[in-house]
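Okay, query24.tsv is below, TSV, C-alpha atoms and all ligand atoms:
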```tsv
chain	number	residue	atom	x	y	z
T	1	MET	CA	98.18	131.67	112.24
T	2	LYS	CA	98.36	128.57	114.46
T	3	LYS	CA	99.34	125.45	112.52
T	4	ILE	CA	97.00	122.49	112.63
T	5	ILE	CA	96.86	118.88	111.45
T	6	ILE	CA	94.47	118.08	108.61
T	7	ALA	CA	93.54	114.41	108.22
T	8	ILE	CA	91.95	113.34	104.93
T	9	ASP	CA	90.74	109.73	104.87
T	10	GLY	CA	88.51	107.84	102.52
T	11	HIS	CA	88.14	105.23	99.80
T	12	SER	CA	90.79	104.60	97.17
T	13	SER	CA	90.89	106.80	94.05
T	14	CYS	CA	88.32	109.27	95.33
T	15	GLY	CA	90.43	112.37	94.81
T	16	LYS	CA	91.70	112.70	98.38
T	17	SER	CA	95.24	113.38	97.28
T	18	THR	CA	94.20	115.96	94.66
T	19	MET	CA	92.37	118.06	97.22
T	20	ALA	CA	94.95	117.47	99.96
T	21	LYS	CA	97.84	118.58	97.69
T	22	ASP	CA	95.95	121.62	96.49
T	23	LEU	CA	95.15	122.79	100.01
T	24	ALA	CA	98.69	122.11	101.26
T	25	SER	CA	100.25	124.17	98.49
T	26	LYS	CA	97.81	127.08	98.95
T	27	ILE	CA	98.31	127.34	102.72
T	28	GLY	CA	102.02	126.43	102.78
T	29	TYR	CA	101.59	123.10	104.60
T	30	THR	CA	103.48	119.86	103.97
T	31	TYR	CA	101.46	117.25	102.11
T	32	ILE	CA	102.01	113.60	103.05
T	33	ASP	CA	100.58	110.78	100.97
T	34	THR	CA	100.55	107.80	103.34
T	35	GLY	CA	99.25	105.48	100.61
T	36	ALA	CA	102.55	106.08	98.82
T	37	MET	CA	104.34	104.69	101.87
T	38	TYR	CA	102.36	101.41	101.75
T	39	ARG	CA	102.95	101.37	97.99
T	40	ALA	CA	106.70	101.81	98.55
T	41	VAL	CA	106.77	98.80	100.89
T	42	THR	CA	104.83	96.84	98.26
T	43	TYR	CA	107.31	97.86	95.56
T	44	TYR	CA	110.16	96.71	97.80
T	45	ALA	CA	108.39	93.36	98.38
T	46	LEU	CA	107.88	92.87	94.62
T	47	GLN	CA	111.51	93.75	93.88
T	48	HIS	CA	112.77	91.33	96.52
T	49	ASP	CA	110.51	88.43	95.58
T	50	LEU	CA	108.57	88.55	98.86
T	51	PHE	CA	105.25	87.41	97.37
T	52	LEU	CA	104.34	83.73	96.95
T	53	PRO	CA	102.62	82.68	93.71
T	54	ASP	CA	99.21	82.67	95.48
T	55	GLY	CA	99.68	86.37	96.35
T	56	SER	CA	100.44	85.80	100.03
T	57	ILE	CA	103.46	87.50	101.60
T	58	LYS	CA	106.68	85.97	102.93
T	59	LEU	CA	106.09	87.62	106.30
T	60	ASP	CA	109.29	86.52	108.06
T	61	LYS	CA	111.42	87.90	105.26
T	62	LEU	CA	109.45	91.14	105.04
T	63	GLU	CA	109.66	91.68	108.79
T	64	ALA	CA	113.43	91.13	108.71
T	65	ALA	CA	113.68	93.62	105.83
T	66	MET	CA	111.70	96.43	107.51
T	67	PRO	CA	114.82	98.17	108.92
T	68	ASP	CA	116.17	98.32	105.33
T	69	ILE	CA	113.09	100.10	103.98
T	70	HIS	CA	113.58	103.86	104.14
T	71	ILE	CA	110.83	105.95	102.59
T	72	THR	CA	111.28	109.66	102.04
T	73	PHE	CA	109.51	112.43	100.12
T	74	ARG	CA	111.28	115.13	98.13
T	75	PHE	CA	109.48	118.17	96.87
T	76	ASN	CA	109.53	118.33	93.07
T	77	GLU	CA	109.82	122.00	92.04
T	78	GLU	CA	108.51	121.25	88.55
T	79	THR	CA	105.31	119.40	89.49
T	80	ARG	CA	105.00	121.30	92.82
T	81	ARG	CA	104.32	117.90	94.43
T	82	PRO	CA	106.37	115.60	96.67
T	83	ASP	CA	107.91	112.55	94.96
T	84	THR	CA	108.37	109.24	96.75
T	85	TYR	CA	111.83	107.71	97.20
T	86	LEU	CA	112.73	104.26	98.48
T	87	ASN	CA	116.28	104.02	99.82
T	88	ASN	CA	117.10	107.12	97.77
T	89	GLU	CA	115.71	105.63	94.54
T	90	TYR	CA	113.00	107.64	92.76
T	91	ILE	CA	109.95	105.34	92.65
T	92	GLU	CA	107.09	107.81	92.18
T	93	ASP	CA	106.04	106.44	88.76
T	94	LYS	CA	106.65	102.80	89.63
T	95	ILE	CA	104.35	102.76	92.65
T	96	ARG	CA	101.35	104.08	90.67
T	97	GLY	CA	101.09	101.24	88.13
T	98	MET	CA	98.72	98.26	88.21
T	99	GLU	CA	101.26	95.79	89.61
T	100	VAL	CA	101.79	97.69	92.84
T	101	SER	CA	98.07	98.59	93.02
T	102	ALA	CA	97.14	94.92	92.80
T	103	HIS	CA	99.48	93.92	95.64
T	104	VAL	CA	99.26	96.85	98.05
T	105	SER	CA	96.12	95.99	100.06
T	106	PRO	CA	97.53	92.74	101.54
T	107	ILE	CA	100.72	94.61	102.47
T	108	ALA	CA	98.62	97.28	104.22
T	109	THR	CA	96.95	94.59	106.38
T	110	VAL	CA	100.27	93.48	107.95
T	111	GLY	CA	100.55	94.63	111.57
T	112	PHE	CA	104.30	95.26	111.69
T	113	VAL	CA	104.14	97.24	108.43
T	114	ARG	CA	101.37	99.46	109.83
T	115	THR	CA	103.18	99.98	113.14
T	116	ALA	CA	106.32	101.14	111.31
T	117	MET	CA	104.41	103.43	108.92
T	118	VAL	CA	102.24	104.98	111.65
T	119	ALA	CA	105.32	105.77	113.76
T	120	GLN	CA	106.96	107.53	110.79
T	121	GLN	CA	103.76	109.44	110.00
T	122	GLN	CA	103.39	110.65	113.59
T	123	GLU	CA	106.98	111.85	113.50
T	124	MET	CA	106.34	113.71	110.23
T	125	GLY	CA	103.40	115.53	111.83
T	126	ARG	CA	105.05	116.40	115.11
T	127	ALA	CA	105.49	120.08	114.18
T	128	LYS	CA	101.92	120.25	112.73
T	129	GLY	CA	101.31	122.23	109.54
T	130	ILE	CA	100.56	119.05	107.57
T	131	VAL	CA	97.85	117.71	105.33
T	132	MET	CA	98.02	113.92	105.49
T	133	ASP	CA	95.91	111.61	103.39
T	134	GLY	CA	95.25	107.93	103.95
T	135	ARG	CA	92.79	105.53	105.54
T	136	ASP	CA	93.50	105.71	109.26
T	137	ILE	CA	94.83	109.23	109.75
T	138	GLY	CA	91.83	110.58	111.68
T	139	THR	CA	91.23	107.31	113.55
T	140	VAL	CA	94.74	106.03	114.41
T	141	VAL	CA	97.62	108.26	113.32
T	142	PHE	CA	96.23	111.61	114.52
T	143	PRO	CA	93.02	111.00	116.50
T	144	ASP	CA	93.33	114.59	117.81
T	145	ALA	CA	93.68	116.23	114.37
T	146	GLU	CA	91.94	119.62	114.33
T	147	LEU	CA	90.27	118.96	110.94
T	148	LYS	CA	89.20	115.50	109.77
T	149	VAL	CA	87.56	114.81	106.43
T	150	PHE	CA	86.25	111.48	105.14
T	151	VAL	CA	85.92	111.41	101.35
T	152	THR	CA	83.95	109.01	99.23
T	153	ALA	CA	82.46	108.63	95.73
T	154	THR	CA	80.82	105.72	93.87
T	155	ALA	CA	83.14	102.89	92.75
T	156	GLU	CA	82.35	103.63	89.07
T	157	VAL	CA	83.23	107.31	89.36
T	158	ARG	CA	86.48	106.44	91.14
T	159	ALA	CA	87.43	103.79	88.54
T	160	GLN	CA	86.79	106.27	85.73
T	161	ARG	CA	89.04	108.86	87.37
T	162	ARG	CA	91.85	106.32	87.84
T	163	TYR	CA	91.42	105.15	84.24
T	164	ASP	CA	91.67	108.71	82.91
T	165	GLU	CA	94.73	109.36	85.08
T	166	LEU	CA	96.59	106.28	83.80
T	167	LEU	CA	95.71	107.03	80.17
T	168	GLY	CA	96.85	110.60	80.70
T	169	LYS	CA	100.23	109.26	81.79
T	170	GLY	CA	100.37	107.01	78.71
T	171	GLN	CA	99.99	103.83	80.79
T	172	PRO	CA	97.76	101.17	79.21
T	173	ALA	CA	94.68	100.37	81.30
T	174	SER	CA	91.40	98.46	81.23
T	175	PHE	CA	88.38	100.13	82.84
T	176	GLU	CA	86.91	96.76	83.94
T	177	GLU	CA	90.19	95.73	85.57
T	178	ILE	CA	90.44	99.04	87.41
T	179	LEU	CA	86.82	98.84	88.60
T	180	GLU	CA	87.48	95.36	89.99
T	181	ASN	CA	90.66	96.61	91.66
T	182	VAL	CA	88.81	99.57	93.25
T	183	LYS	CA	86.07	97.29	94.62
T	184	GLU	CA	88.54	94.69	95.85
T	185	ARG	CA	90.61	97.34	97.63
T	186	ASP	CA	87.46	98.77	99.27
T	187	ARG	CA	86.62	95.30	100.52
T	188	ILE	CA	90.09	94.57	101.92
T	189	ASP	CA	90.62	98.09	103.33
T	190	SER	CA	87.25	98.09	105.14
T	191	SER	CA	87.33	94.52	106.45
T	192	ARG	CA	90.91	94.19	107.64
T	193	GLU	CA	91.42	93.56	111.35
T	194	ILE	CA	93.98	96.28	112.07
T	195	SER	CA	92.94	99.90	111.48
T	196	PRO	CA	90.12	99.18	109.02
T	197	LEU	CA	88.96	102.06	106.85
T	198	ARG	CA	86.18	103.81	108.73
T	199	GLN	CA	84.97	107.34	109.21
T	200	ALA	CA	86.12	108.86	112.52
T	201	ASP	CA	83.16	109.99	114.64
T	202	ASP	CA	84.29	113.60	114.40
T	203	ALA	CA	85.16	113.56	110.67
T	204	ILE	CA	83.15	115.56	108.11
T	205	LEU	CA	81.81	113.40	105.26
T	206	LEU	CA	82.31	114.53	101.66
T	207	ASP	CA	80.78	112.55	98.77
T	208	ASN	CA	82.43	114.12	95.73
T	209	SER	CA	80.82	111.94	93.02
T	210	ASN	CA	79.24	115.01	91.47
T	211	LEU	CA	81.82	117.65	92.32
T	212	THR	CA	84.47	119.07	90.01
T	213	ILE	CA	88.04	119.34	91.25
T	214	PRO	CA	87.79	123.15	91.75
T	215	GLN	CA	84.53	122.65	93.69
T	216	GLN	CA	86.02	120.10	96.06
T	217	ASN	CA	89.16	122.19	96.54
T	218	GLU	CA	87.01	125.18	97.43
T	219	TRP	CA	84.96	123.07	99.86
T	220	LEU	CA	88.13	121.91	101.66
T	221	MET	CA	89.50	125.44	101.86
T	222	GLU	CA	86.22	126.56	103.49
T	223	GLN	CA	86.53	123.79	106.09
T	224	TYR	CA	90.11	124.78	106.82
T	225	LEU	CA	89.22	128.46	107.26
T	226	ARG	CA	86.26	127.58	109.47
T	227	VAL	CA	88.39	125.43	111.79
T	228	CYS	CA	91.14	128.07	111.94
T	229	ASN	CA	88.60	130.74	112.88
T	230	GLU	CA	87.26	128.53	115.66
T	231	GLU	CA	90.74	127.72	117.05
E	301	LIG	O1	95.67	105.82	98.74
E	301	LIG	P1	96.32	104.69	97.95
E	301	LIG	O2	95.38	104.05	96.95
E	301	LIG	O3	97.60	105.08	97.33
E	301	LIG	O4	96.63	103.57	99.06
E	301	LIG	C1	97.26	102.37	98.73
E	301	LIG	C2	96.84	101.26	99.69
E	301	LIG	O5	97.36	101.50	101.00
E	301	LIG	C3	95.34	101.04	99.85
E	301	LIG	O6	95.05	99.66	99.67
E	301	LIG	C4	95.03	101.41	101.27
E	301	LIG	C5	96.35	101.38	101.96
E	301	LIG	N1	96.49	102.47	102.93
E	301	LIG	C6	96.29	102.19	104.26
E	301	LIG	O7	95.95	101.07	104.59
E	301	LIG	N2	96.46	103.16	105.18
E	301	LIG	C7	96.82	104.40	104.82
E	301	LIG	N3	96.99	105.33	105.76
E	301	LIG	C8	97.01	104.71	103.45
E	301	LIG	C9	96.83	103.72	102.51
```
Using structure tokens, write down the structure from this file.
Ligand code: DC
Amino acid sequence: MKKIIIAIDGHSSCGKSTMAKDLASKIGYTYIDTGAMYRAVTYYALQHDLFLPDGSIKLDKLEAAMPDIHITFRFNEETRRPDTYLNNEYIEDKIRGMEVSAHVSPIATVGFVRTAMVAQQQEMGRAKGIVMDGRDIGTVVFPDAELKVFVTATAEVRAQRRYDELLGKGQPASFEEILENVKERDRIDSSREISPLRQADDAILLDNSNLTIPQQNEWLMEQYLRVCNEE
């Protein structure tokens, strides 16, 4: 069957990656979590003291460091998911905690960071056969993707899911703090100047507030099969 590009965009913590990973593994596609790439840059910036006390970024230093930031994914046979590596260091767990989450949106607004990430993402999708999730995949990275989905759910539902996920991993969390973080990221992601989060005109909208994980996985599989049959 002809390989296609599947772009899954939407708000933070709305289950995009869960459905994208599930579909990729069922149909033998590569799954790419572009949020993890912005998180990896954020982790690098935190490690190298590139934030000022007011939360702003030392842009000159970050720009000079960009050639030293190499992000790769390695498939983990045990979890059946790709893990994120920064300069060959395993950072998958580190980029999911509250510290990176609280600093990632400003990093994702920086033009030279986005240019570098988008170029890498386009390279990763050159041979097609990918499911890529993010914020600007259907609008900027792959405007010609054969299947585009825009996922959303209420902020409260998304905060609850993130809270449950962190507790499940044994990481301490406060629901109120997470809800604030979800809302703040929505605000920054949607209002930034470069590649703001928005639904592509030809994307299919999915509000999964009231869907279970198996239901949303099934929905995505149906969309994939429909597009493949049309191709
Ligand atoms: O999907 P996530 O929560 O891991 O994304 C982390 C941050 O990166 C979030 O603030 C939005 C941003 N992001 C982006 O701007 N563009 C993407 N393609 C993916 C994520």
(request) Compare T:Asp201, T:Glu146, T:Glu184, T:Glu176 by their minimum atom-to-atom distance to ligand LIG 301 (chain E), counting only C-alpha atoms and all ligand atoms, and give me the closest one. (result) T:Glu184
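As for atom CA of Leu23 of chain T and atom CA of Val131 of chain T, they are spaced 7.8 Å apart.
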Kindly provide, as JSON, the centre and edge lengths (Å, one decimal) of an axis-aligned box around all atoms of ligand LIG 301 (chain E) given in the file, with 5 Å on each side.
```
{"center_x": 96.3, "center_y": 102.7, "center_z": 101.4, "size_x": 12.6, "size_y": 16.2, "size_z": 18.8}
```
(message) At a cut-off of 12 Å around the point (104.6, 114.2, 112.7) (file coordinates), what residues fall inside when counting only C-alpha atoms? I'd like the answer as a ChimeraX atom specification.
(response) /T:4-7,30-32,117-132,137,141-142,145
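Residues in contact range of Leu205 of chain T, defined as at most 8 Å between all atoms listed in the file, with sequence neighbours fewer than 4 positions away removed, read T:Val149, T:Phe150, T:Val151, T:Thr152, T:Gln199.
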Emit the selected residues as a PDB file, keeping the file's coordinate frame, including C-alpha atoms.
```
ATOM      1  CA  VAL T 149      87.560 114.810 106.430  1.00  0.00           C
ATOM      2  CA  PHE T 150      86.250 111.480 105.140  1.00  0.00           C
ATOM      3  CA  VAL T 151      85.920 111.410 101.350  1.00  0.00           C
ATOM      4  CA  THR T 152      83.950 109.010  99.230  1.00  0.00           C
ATOM      5  CA  GLN T 199      84.970 107.340 109.210  1.00  0.00           C
TER       6      GLN T 199
END
```
(message) Any residue with an atom at most 8 Å from ligand LIG 301 (chain E) counts, using only C-alpha atoms and all ligand atoms. Which are they? Put them as a count of residues only.
(response) 35
(request) May I have the residues within 12 Å of Ile91 of chain T as an MDAnalysis selection string, using only C-alpha atoms and disregarding those fewer than 5 positions away in the same chain? (result) chainID T and resid 36:37 39:44 47 71:74 82:86 96:97 100
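Counting all atoms listed in the file, segment 214-216 of chain T has the following residues at most 10 Å away, ignoring those fewer than 6 positions along the same chain: Gly15, Lys16, Thr18, Met19, Asp22, Leu206, Asp207, Asn208 and Glu222 of chain T.
For the pair atom CA of Ala64 of chain T and atom CA of Glu89 of chain T, the separation is 20.4 Å.
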(message) Just to confirm, what's the straight-line distance from atom CA of Leu166 of chain T to atom CA of Ile8 of chain T in Å (one decimal)?
(response) 22.8 Å
(request) Name the residues in contact with Asp202 of chain T at a cut-off of 9 Å, using all atoms listed in the file, excluding same-chain residues fewer than 4 positions from it; report them as JSON, numbers by chain. (result) {"T": [138, 147, 148, 149]}
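The nearest approach to Val110 of chain T among the residues T:Glu165, T:Asp68, T:Glu193, T:Asp144, with only C-alpha atoms taken into account, belongs to T:Glu193.
Minimum atom-to-atom distance to Cys14 of chain T, evaluated using all atoms listed in the file, belongs to T:Val157 out of T:Ile69, T:Leu52, T:Val157, T:Ile204.
Closest to Gln171 of chain T among T:Lys94, T:Arg198, T:Arg158, T:Lys183 is T:Lys94, based on all atoms listed in the file.
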